[in-house]
Amino acid sequence: KSESAIRKALKARINMDVASEGELIMALSKGFSGDKIIGTGPKNDRFIELGVRHNTLFHVDNIEELDEIIRVKKENNLPKVSVLLRFSGFKSKSANILEKNTKFRFKYKDYEKVLEKYPVEWLAINFKGFAFHLDSNSIAEKTVAINNTFLMIEKSYELGLNPYIMDIGGGYGIKYIEDKEKYDKSILNIKKSILGQIPMITYNNKSFGIVIEKGAIKKNLVHKEYVTPIPGVYNL
C-alpha cells in the first residue's frame, strides 16, 4: 500500500503480495510483471481475470475459490491459472499441535479429497504447489507443517501432478529493538507511572490492561515482546 515500499521492492527484485484487485493494479502500474506477483485474500471475478491475464500466481484457500478461478478461466478463454493450494490444521503423531482458527481454510485432513476432486480440472490450471501460513512462530509447529506438506507433495506425484513450490508463509520473529535493557526499563516505567510511583507517561493515561488492587498490579501490562533473542532469519 506504500508506493515508496513498492518502488524499493521492485528495485531490489522482491516479489509482491497483493490482496485485492486494487493492489494488483497498483503493483502492475509500478512496473511489476504478473509473474512477480502473488494474489492472496478474497478474490472476485475482476481480480481473478486481471491476475490470470498477467500470469499472477494465486494462493487458493478453499474449494469454492478454486471452482471460481476455474470458472472465470473457462468463461473468458484465459490461459492456465497458476495456483498454490494453501492448507492449515496440520497433524503430528509425535507432537501436540494446537489447531487454531484460520482464514486459510483448506484442512490438511482433507488434502486427498481435494487433490482427487479435480482429475480433469487440473488441465485448466498450472498447479505449482502448496502454501501455509501459521499464526505462530513455533519452530515445532512449522516443522510439522513442512513435514505434512511433503506428504501432500508425494500424494500429488502419485496422481500425476508435478508440484515444485512450498510457500512457508510468515510468522518469523523479528528483532525490532536492539537494546533489551532499555526496552525492559521502558516497560517498568510504564508500570511505575500507572502505580503512581512516577508521573504518568502513557498517552491519555492509558493503563494498557493493568489492573491495580490495594496498590499492587493484579493484571499485568498487555504488550508485545519486541525483543527476540533469535531473529527470524535464523529459523529458516
# chains A, B, ... in the order shown; residues from 1 in each chain; ligands from 1
call {"tool": "select_by_dssp", "arguments": {"residues": "stretch 6-213 of chain A", "states": "alpha helix (DSSP H)", "output": "PyMOL selection string"}}
result
chain A and resi 6-11+21-29+45-53+63-75+111-116+139-158+180-195
call {"tool": "residues_around", "arguments": {"residues": "A:Asn44", "least_positions_apart": "2", "cutoff": "9 Å", "atoms": "only C-alpha atoms", "output": "PDB file with C-alpha atoms, in the first residue's frame"}}
result
ATOM      1  CA  SER A  20      -7.186  -7.167  -3.861  1.00  0.00           C
ATOM      2  CA  GLU A  21      -7.800  -6.036  -7.425  1.00  0.00           C
ATOM      3  CA  PRO A  42     -10.731 -12.875  -1.167  1.00  0.00           C
ATOM      4  CA  ARG A  46     -12.196  -8.959 -11.812  1.00  0.00           C
ATOM      5  CA  PHE A  47      -9.272  -9.739  -9.527  1.00  0.00           C
ATOM      6  CA  ILE A  48      -9.017 -13.275 -10.911  1.00  0.00           C
ATOM      7  CA  GLU A  49      -9.350 -12.260 -14.570  1.00  0.00           C
ATOM      8  CA  GLU A  68     -14.446 -19.861  -9.104  1.00  0.00           C
TER       9      GLU A  68
END
call {"tool": "closest_residue", "arguments": {"among": "A:Ile125, A:Ala19, A:Ile212, A:Ile25", "to": "A:Leu66", "atoms": "only C-alpha atoms"}}
result
A:Ile125
call {"tool": "atom_distance", "arguments": {"atom1": "atom CA of A:Ile63", "atom2": "atom CA of A:Ala131"}}
result
14.9 Å
call {"tool": "closest_residue", "arguments": {"among": "A:Phe58, A:Phe106, A:Tyr118, A:Tyr111", "to": "A:Leu151", "atoms": "only C-alpha atoms"}}
result
A:Tyr111
call {"tool": "residues_around", "arguments": {"residues": "A:Leu123", "least_positions_apart": "6", "cutoff": "10 Å", "atoms": "only C-alpha atoms", "output": "PDB file with N, CA and C atoms, in the first residue's frame"}}
result
ATOM      1  N   ILE A  70     -11.387 -21.561 -11.777  1.00  0.00           N
ATOM      2  CA  ILE A  70     -11.525 -22.391 -12.972  1.00  0.00           C
ATOM      3  C   ILE A  70     -12.665 -21.884 -13.848  1.00  0.00           C
ATOM      4  N   LYS A  80      -3.841 -20.844 -18.728  1.00  0.00           N
ATOM      5  CA  LYS A  80      -3.851 -21.612 -17.489  1.00  0.00           C
ATOM      6  C   LYS A  80      -3.579 -20.712 -16.285  1.00  0.00           C
ATOM      7  N   VAL A  81      -4.287 -20.983 -15.203  1.00  0.00           N
ATOM      8  CA  VAL A  81      -4.135 -20.205 -13.979  1.00  0.00           C
ATOM      9  C   VAL A  81      -3.074 -20.857 -13.098  1.00  0.00           C
TER      10      VAL A  81
END
call {"tool": "residues_around", "arguments": {"residues": "stretch 152-155 of chain A", "least_positions_apart": "6", "cutoff": "12 Å", "atoms": "only C-alpha atoms", "output": "number ranges by chain"}}
result
A: 84-87, 90, 107-116, 127-131, 145-146, 161-166
call {"tool": "write_last_selection", "arguments": {"atoms": "C-alpha atoms", "output": "PDB file, in the first residue's frame"}}
result
ATOM      1  CA  LEU A  84      -0.737 -22.773  -4.862  1.00  0.00           C
ATOM      2  CA  LEU A  85      -3.145 -24.583  -2.529  1.00  0.00           C
ATOM      3  CA  ARG A  86      -2.893 -23.155   0.986  1.00  0.00           C
ATOM      4  CA  PHE A  87      -3.502 -25.529   3.908  1.00  0.00           C
ATOM      5  CA  PHE A  90      -1.587 -29.857  10.290  1.00  0.00           C
ATOM      6  CA  LYS A 107      -7.740 -28.509   6.003  1.00  0.00           C
ATOM      7  CA  TYR A 108      -4.841 -30.919   5.957  1.00  0.00           C
ATOM      8  CA  LYS A 109      -7.127 -33.855   6.826  1.00  0.00           C
ATOM      9  CA  ASP A 110      -8.987 -33.244   3.522  1.00  0.00           C
ATOM     10  CA  TYR A 111      -5.986 -32.959   1.213  1.00  0.00           C
ATOM     11  CA  GLU A 112      -6.503 -36.312  -0.544  1.00  0.00           C
ATOM     12  CA  LYS A 113     -10.131 -35.404  -1.314  1.00  0.00           C
ATOM     13  CA  VAL A 114      -9.031 -32.012  -2.657  1.00  0.00           C
ATOM     14  CA  LEU A 115      -6.358 -33.490  -4.919  1.00  0.00           C
ATOM     15  CA  GLU A 116      -8.592 -36.313  -6.174  1.00  0.00           C
ATOM     16  CA  PHE A 127      -0.743 -26.319 -10.146  1.00  0.00           C
ATOM     17  CA  LYS A 128       2.639 -25.235  -8.782  1.00  0.00           C
ATOM     18  CA  GLY A 129       2.492 -26.482  -5.208  1.00  0.00           C
ATOM     19  CA  PHE A 130       1.388 -25.816  -1.648  1.00  0.00           C
ATOM     20  CA  ALA A 131       1.464 -23.000   0.872  1.00  0.00           C
ATOM     21  CA  ALA A 145       3.580 -28.127   8.638  1.00  0.00           C
ATOM     22  CA  ILE A 146       6.616 -28.712   6.415  1.00  0.00           C
ATOM     23  CA  LEU A 161       0.739 -33.863 -10.718  1.00  0.00           C
ATOM     24  CA  ASN A 162       4.057 -32.046 -10.527  1.00  0.00           C
ATOM     25  CA  PRO A 163       4.133 -29.507  -7.671  1.00  0.00           C
ATOM     26  CA  TYR A 164       7.534 -27.936  -7.004  1.00  0.00           C
ATOM     27  CA  ILE A 165       6.846 -24.951  -4.700  1.00  0.00           C
ATOM     28  CA  MET A 166       6.391 -24.919  -0.913  1.00  0.00           C
TER      29      MET A 166
END
call {"tool": "atom_distance", "arguments": {"atom1": "atom CA of A:Ser88", "atom2": "atom CA of A:Asp135"}}
result
10.1 Å
call {"tool": "atom_distance", "arguments": {"atom1": "atom CA of A:Ser186", "atom2": "atom CA of A:Gly209"}}
result
16.1 Å
call {"tool": "closest_residue", "arguments": {"among": "A:Ile190, A:Ile14, A:Ile198, A:Ile177", "to": "A:Ala27", "atoms": "only C-alpha atoms"}}
result
A:Ile14
call {"tool": "residues_around", "arguments": {"residues": "A:Ser33", "least_positions_apart": "2", "cutoff": "10 Å", "atoms": "only C-alpha atoms", "output": "ChimeraX atom specification"}}
result
/A:10,15-16,27-31,35-37,54-56
call {"tool": "select_by_dssp", "arguments": {"residues": "stretch 21-119 of chain A", "states": "strand (DSSP E)", "output": "number ranges by chain"}}
result
A: 37-39, 57-60, 81-88, 106-107
call {"tool": "closest_residue", "arguments": {"among": "A:Asn205, A:Gly22, A:Gly89, A:Lys218", "to": "A:His133", "atoms": "only C-alpha atoms"}}
result
A:Gly89
